[in-house]
$ cat work.txt   # compact mmCIF, C-alpha atoms
# COMPACT_ATOMS: atom_id res chain seq x y z
CA MET A 1 -36.97 -4.91 -17.21
CA HIS A 2 -35.55 -7.16 -19.90
CA LEU A 3 -32.68 -5.68 -21.86
CA PRO A 4 -31.61 -6.88 -25.29
CA THR A 5 -28.14 -8.32 -25.75
CA HIS A 6 -25.63 -5.86 -27.20
CA ARG A 7 -22.05 -6.16 -28.30
CA PRO A 8 -20.28 -4.07 -25.63
CA ARG A 9 -18.07 -1.17 -26.68
CA TYR A 10 -16.49 -0.46 -23.31
CA THR A 11 -13.31 -2.45 -24.00
CA ALA A 12 -12.28 -0.04 -26.76
CA VAL A 13 -13.14 2.92 -24.55
CA LEU A 14 -10.99 1.60 -21.73
CA VAL A 15 -8.00 1.25 -24.00
CA VAL A 16 -8.23 5.01 -24.45
CA ALA A 17 -9.05 5.62 -20.79
CA LEU A 18 -5.91 3.88 -19.57
CA ALA A 19 -3.81 6.62 -21.14
CA LEU A 20 -5.98 9.30 -19.49
CA THR A 21 -5.46 11.67 -22.41
CA GLY A 22 -7.76 14.47 -23.52
CA CYS A 23 -9.72 14.42 -26.78
CA SER A 24 -10.29 17.53 -28.85
CA ALA A 25 -9.31 19.63 -31.81
CA ASP A 26 -6.69 22.34 -31.59
CA HIS A 27 -7.32 25.88 -30.38
CA ASP A 28 -6.43 28.76 -32.68
CA THR A 29 -2.71 29.44 -32.53
CA ASN A 30 -1.61 33.08 -32.62
CA SER A 31 1.57 33.91 -34.51
CA ALA A 32 4.13 35.68 -32.37
CA GLY A 33 5.36 38.81 -34.14
CA SER A 34 9.06 39.44 -33.73
CA SER A 35 10.07 42.97 -32.68
CA ALA A 36 11.84 44.73 -35.51
CA SER A 37 14.17 47.68 -35.36
CA SER A 38 13.35 50.91 -37.22
CA GLY A 39 13.47 50.56 -40.99
CA THR A 40 13.16 46.77 -41.13
CA ASN A 41 10.37 44.73 -42.69
CA PRO A 42 9.37 41.91 -40.31
CA THR A 43 7.66 39.96 -43.11
CA ALA A 44 10.61 40.16 -45.44
CA ASP A 45 13.20 39.54 -42.76
CA ALA A 46 11.54 36.54 -41.11
CA SER A 47 13.20 33.31 -42.19
CA PRO A 48 11.10 30.22 -42.99
CA SER A 49 12.44 28.47 -39.90
CA THR A 50 11.50 31.41 -37.69
CA ALA A 51 7.99 31.56 -39.12
CA ALA A 52 7.52 27.83 -38.64
CA THR A 53 8.62 28.09 -35.03
CA ALA A 54 6.33 31.02 -34.36
CA THR A 55 3.22 29.22 -35.61
CA SER A 56 3.98 25.79 -34.20
CA PRO A 57 1.57 24.63 -31.47
CA GLN A 58 2.88 24.42 -27.94
CA PRO A 59 3.58 20.91 -26.64
CA ARG A 60 0.92 19.40 -24.42
CA PRO A 61 1.61 19.46 -20.67
CA THR A 62 2.55 16.30 -18.83
CA GLY A 63 1.81 15.13 -15.30
CA ILE A 64 -1.31 15.33 -13.21
CA ASP A 65 -0.17 18.49 -11.42
CA ASN A 66 -0.44 20.32 -14.74
CA TRP A 67 -4.08 19.41 -15.27
CA PRO A 68 -5.98 22.58 -16.31
CA THR A 69 -8.23 24.36 -13.83
CA TYR A 70 -10.74 25.27 -16.57
CA PRO A 71 -12.76 23.25 -19.13
CA ALA A 72 -10.06 22.36 -21.63
CA ALA A 73 -9.57 20.93 -25.09
CA LYS A 74 -7.05 18.23 -26.00
CA GLN A 75 -3.90 20.29 -26.24
CA ASP A 76 -4.30 21.62 -22.69
CA VAL A 77 -4.90 18.26 -21.00
CA PRO A 78 -1.75 16.45 -19.80
CA THR A 79 -0.50 13.33 -21.48
CA ASP A 80 1.01 10.28 -19.80
CA VAL A 81 -0.99 10.49 -16.57
CA LYS A 82 -1.07 6.92 -15.28
CA SER A 83 -3.58 5.49 -12.85
CA THR A 84 -2.65 3.60 -9.70
CA VAL A 85 -4.76 1.69 -7.19
CA MET A 86 -7.19 3.85 -5.23
CA ALA A 87 -6.43 2.07 -1.97
CA LYS A 88 -4.93 -1.27 -0.98
CA GLY A 89 -7.73 -3.76 -0.45
CA TYR A 90 -10.43 -1.63 -2.10
CA THR A 91 -12.14 -3.43 -4.99
CA GLY A 92 -15.29 -1.34 -5.53
CA GLN A 93 -17.09 -4.57 -6.45
CA SER A 94 -20.12 -3.94 -4.23
CA PHE A 95 -20.56 -0.41 -5.59
CA LEU A 96 -20.24 -1.63 -9.19
CA LYS A 97 -22.78 -4.41 -8.74
CA GLU A 98 -25.27 -2.13 -7.01
CA LEU A 99 -24.87 0.55 -9.69
CA ALA A 100 -25.37 -2.01 -12.45
CA ALA A 101 -28.49 -3.38 -10.75
CA ASP A 102 -29.99 0.06 -10.17
CA TRP A 103 -29.55 1.05 -13.81
CA HIS A 104 -30.33 -2.33 -15.40
CA ILE A 105 -26.81 -2.80 -16.73
CA THR A 106 -25.73 -6.36 -17.42
CA LEU A 107 -22.03 -6.74 -16.64
CA GLY A 108 -19.88 -8.89 -18.88
CA LYS A 109 -17.26 -11.41 -17.87
CA ARG A 110 -14.03 -10.24 -16.29
CA GLN A 111 -11.21 -10.11 -18.83
CA LYS A 112 -7.47 -9.76 -18.54
CA LEU A 113 -5.87 -6.78 -20.26
CA THR A 114 -2.39 -7.34 -21.62
CA PHE A 115 -1.92 -4.45 -24.08
CA SER A 116 -0.39 -2.26 -21.37
CA GLU A 117 0.32 -2.94 -17.73
CA PRO A 118 -1.48 -6.25 -17.01
CA ALA A 119 -4.85 -5.70 -15.34
CA TRP A 120 -8.38 -7.05 -15.02
CA GLN A 121 -11.38 -5.27 -16.48
CA VAL A 122 -15.14 -5.72 -16.61
CA GLY A 123 -17.89 -3.59 -18.04
CA GLY A 124 -21.38 -3.49 -19.43
CA GLU A 125 -23.97 -1.28 -21.03
CA ALA A 126 -27.69 -0.62 -21.15
CA HIS A 127 -29.95 1.09 -23.66
CA PRO A 128 -32.78 2.73 -21.72
CA THR A 129 -34.30 4.00 -24.97
CA LYS A 130 -33.54 3.54 -28.65
CA ASN A 131 -30.22 5.13 -29.61
CA SER A 132 -29.31 6.05 -26.01
CA ASP A 133 -27.00 4.22 -23.68
CA PHE A 134 -25.31 4.00 -20.31
CA GLN A 135 -21.91 2.31 -19.94
CA VAL A 136 -19.90 1.37 -16.89
CA ALA A 137 -16.51 -0.28 -16.57
CA ALA A 138 -13.78 -0.91 -14.02
CA ILE A 139 -10.10 -1.81 -14.11
CA TRP A 140 -8.26 -3.60 -11.28
CA ASP A 141 -4.62 -4.47 -10.87
CA LEU A 142 -3.77 -8.17 -10.83
CA SER A 143 -4.22 -8.35 -7.05
CA GLY A 144 -7.81 -7.09 -7.38
CA ASP A 145 -7.42 -3.48 -6.17
CA LEU A 146 -9.44 -0.92 -8.14
CA ARG A 147 -7.50 1.47 -10.38
CA GLN A 148 -10.10 3.08 -12.61
CA PHE A 149 -13.87 3.45 -12.62
CA TYR A 150 -15.59 4.67 -15.77
CA CYS A 151 -19.14 5.67 -16.70
CA SER A 152 -20.57 7.19 -19.85
CA ALA A 153 -24.02 8.38 -20.84
CA THR A 154 -25.52 9.83 -23.99
CA ALA A 155 -27.25 13.16 -23.46
CA ASN A 156 -30.51 11.77 -24.87
CA ALA A 157 -30.74 9.01 -22.25
CA PRO A 158 -33.51 9.51 -19.68
CA ARG A 159 -32.15 10.49 -16.24
CA TYR A 160 -28.60 10.59 -17.56
CA GLU A 161 -27.65 13.29 -15.05
CA GLU A 162 -28.83 11.07 -12.20
CA PHE A 163 -26.75 8.23 -13.61
CA LEU A 164 -23.62 10.38 -13.64
CA GLN A 165 -24.40 11.53 -10.08
CA ALA A 166 -24.63 7.88 -9.02
CA CYS A 167 -21.29 7.10 -10.65
CA VAL A 168 -19.42 9.99 -9.05
CA GLY A 169 -20.51 8.69 -5.63
CA LEU A 170 -17.98 5.84 -5.83
CA ASP A 171 -17.30 4.81 -2.22
CA HIS A 172 -13.50 4.61 -2.33
CA PRO A 173 -11.61 5.33 0.92
CA GLY A 174 -11.54 9.08 1.52
CA SER A 175 -14.55 9.72 -0.73
CA ASP A 176 -17.12 12.41 0.03
CA GLY A 177 -20.34 11.76 -1.86
CA LYS A 178 -21.85 15.20 -1.21
CA ALA A 179 -18.70 17.01 -2.29
CA ALA A 180 -18.43 14.86 -5.41
CA ALA A 181 -22.06 15.56 -6.34
CA ALA A 182 -21.53 19.29 -5.83
CA TRP A 183 -18.39 19.18 -7.98
CA LEU A 184 -20.27 17.46 -10.80
CA ASP A 185 -23.13 19.97 -10.56
CA GLY A 186 -20.56 22.76 -10.87
CA VAL A 187 -18.39 21.49 -13.72
CA LYS A 188 -21.09 20.08 -15.99
CA PRO A 189 -22.52 23.50 -17.03
CA GLN A 190 -18.97 24.75 -17.61
CA VAL A 191 -18.17 21.76 -19.82
CA ASP A 192 -21.47 22.13 -21.68
CA LYS A 193 -20.79 25.81 -22.38
CA ALA A 194 -17.25 25.20 -23.61
CA PHE A 195 -18.35 22.25 -25.75
CA ALA A 196 -21.14 24.30 -27.36
CA LYS A 197 -18.65 27.06 -28.19
CA GLU A 198 -15.60 25.04 -29.27
CA LYS A 199 -17.40 22.11 -30.96
CA VAL A 200 -14.65 19.74 -29.81
CA PRO A 201 -14.40 17.32 -26.86
CA ILE A 202 -13.94 19.22 -23.61
CA THR A 203 -12.44 17.89 -20.36
CA SER A 204 -13.23 19.35 -16.94
CA PRO A 205 -10.87 20.32 -14.13
CA LEU A 206 -10.08 17.50 -11.73
CA LEU A 207 -11.83 16.62 -8.51
CA ARG A 208 -9.08 15.53 -6.11
CA SER A 209 -10.22 13.36 -3.22
CA GLY A 210 -7.63 11.51 -1.15
CA ASP A 211 -5.63 9.29 -3.49
CA THR A 212 -8.10 9.62 -6.36
CA ALA A 213 -9.03 12.11 -9.05
CA ALA A 214 -12.08 12.44 -11.30
CA TYR A 215 -12.89 14.33 -14.47
CA LEU A 216 -15.90 14.81 -16.74
CA ARG A 217 -15.55 14.93 -20.51
CA LYS A 218 -18.15 15.73 -23.17
CA GLY A 219 -17.68 14.95 -26.84
CA ALA A 220 -19.62 14.35 -30.03
CA TYR A 221 -19.30 10.58 -29.66
CA SER A 222 -23.04 10.27 -30.34
CA PRO A 223 -25.50 12.54 -32.17
CA SER A 224 -26.80 13.97 -28.89
CA GLY A 225 -23.35 14.23 -27.28
CA THR A 226 -21.79 11.80 -24.80
CA TYR A 227 -20.55 12.43 -21.26
CA GLN A 228 -17.64 10.39 -19.93
CA LEU A 229 -16.86 10.34 -16.21
CA GLU A 230 -13.69 8.71 -14.94
CA ILE A 231 -12.33 8.23 -11.42
CA PHE A 232 -8.78 6.92 -11.06
CA GLY A 233 -6.15 6.30 -8.42
CA THR A 234 -3.36 8.86 -8.07
CA SER A 235 -1.29 7.72 -5.10
CA ASP A 236 1.83 7.27 -7.22
CA ALA A 237 0.74 9.18 -10.32
CA LYS A 238 3.71 10.71 -12.13
CA ASN A 239 4.54 11.83 -15.64
$ encode --input "work.txt" --output "structure tokens"
Amino acid sequence: MHLPTHRPRYTAVLVVALALTGCSADHDTNSAGSSASSGTNPTADASPSTAATATSPQPRPTGIDNWPTYPAAKQDVPTDVKSTVMAKGYTGQSFLKELAADWHITLGKRQKLTFSEPAWQVGGEAHPTKNSDFQVAAIWDLSGDLRQFYCSATANAPRYEEFLQACVGLDHPGSDGKAAAAWLDGVKPQVDKAFAKEKVPITSPLLRSGDTAAYLRKGAYSPSGTYQLEIFGTSDAKN
């Protein structure tokens, strides 16, 4: 199958992925009513500063241990979760090449990232039908050990669920392909339901496997909706 040449978009996506932050709009914030003694008027007595404090959104959590256990919007997903290598000596190169071949994805040239912690990255994309796409990308530390593995698929792409299943089977040390597939089968309907209700990007609970973690996100990044799956190293992950 001959694929047309496209200008890849995965570099921009990986800039976002490195921060491992959630993407969504805010939930409704309930105002906290202050308890008033008999004969007082809470509305009249509340000072502007008190009202502002009461309606201010709560700060987002930090650290991987505070990742939500339910499909969550942006404000509930921790910030500043950094990836580390999945395992010393593990590159994931064979898995990446096989995945790309199976799904007719042409990988680009390896590039050095310097906007954050120096690293190597490579990625590519395919368009199985008009206006649908698959993307895959990987980030290694400078020694060549894999830190992050990323896949995305538009919901209008044929066999997109199979593609995501293939991605979640990354063969890092300590991986369990059957457990990962079962996790994805379980969280995808939950993410779909929350996305349909909230109309904002929704991030799944984590799959923890050895020194790695994975999450699924769905957002309106394309007319049909786009799924993003990321697996990242957590051996030294801190706030």
$ closest_atom_pairs --input "work.txt" --of "range 38-155 of chain A" --to "range 213-220 of chain A" --cutoff "10 Å" --atoms "only C-alpha atoms" --output "Markdown table"
| residue | atom | partner | partner_atom | distance |
| --- | --- | --- | --- | --- |
| A:Ile64 | CA | A:Ala213 | CA | 9.3 |
| A:Pro71 | CA | A:Arg217 | CA | 8.9 |
| A:Ala72 | CA | A:Arg217 | CA | 9.3 |
| A:Ala73 | CA | A:Arg217 | CA | 9.6 |
| A:Ser83 | CA | A:Ala213 | CA | 9.4 |
| A:Met86 | CA | A:Ala213 | CA | 9.3 |
| A:Gln148 | CA | A:Ala214 | CA | 9.7 |
| A:Phe149 | CA | A:Ala214 | CA | 9.3 |
| A:Tyr150 | CA | A:Ala214 | CA | 9.6 |
| A:Cys151 | CA | A:Leu216 | CA | 9.7 |
| A:Ser152 | CA | A:Arg217 | CA | 9.2 |
| A:Ala153 | CA | A:Lys218 | CA | 9.7 |
| A:Thr154 | CA | A:Lys218 | CA | 9.5 |
| A:Ala155 | CA | A:Lys218 | CA | 9.5 |
$ atom_distance --input "work.txt" --atom1 "CA of Val85 in chain A" --atom2 "CA of Leu184 in chain A"
22.4 Å
$ residues_around --input "work.txt" --residues "Gly210 in chain A" --least-positions-apart "4" --cutoff "9 Å" --atoms "all atoms listed in the file" --output "JSON, numbers by chain"
{"A": [86, 173, 174, 175, 234, 235]}
$ atom_distance --input "work.txt" --atom1 "CA of Glu125 in chain A" --atom2 "CA of Val81 in chain A"
26.2 Å
$ atom_distance --input "work.txt" --atom1 "CA of Gly186 in chain A" --atom2 "CA of Pro158 in chain A"
20.5 Å
$ residues_around --input "work.txt" --residues "Ala196 in chain A" --least-positions-apart "2" --cutoff "12 Å" --atoms "all atoms listed in the file" --output "compact mmCIF listing (two decimals) with C-alpha atoms, in the coordinates of the input"
# COMPACT_ATOMS: atom_id res chain seq x y z
CA PRO A 71 -12.76 23.25 -19.13
CA PRO A 189 -22.52 23.50 -17.03
CA GLN A 190 -18.97 24.75 -17.61
CA VAL A 191 -18.17 21.76 -19.82
CA ASP A 192 -21.47 22.13 -21.68
CA LYS A 193 -20.79 25.81 -22.38
CA ALA A 194 -17.25 25.20 -23.61
CA GLU A 198 -15.60 25.04 -29.27
CA LYS A 199 -17.40 22.11 -30.96
CA VAL A 200 -14.65 19.74 -29.81
CA PRO A 201 -14.40 17.32 -26.86
CA ILE A 202 -13.94 19.22 -23.61
CA LYS A 218 -18.15 15.73 -23.17
CA GLY A 219 -17.68 14.95 -26.84
CA ALA A 220 -19.62 14.35 -30.03
CA SER A 224 -26.80 13.97 -28.89
CA GLY A 225 -23.35 14.23 -27.28
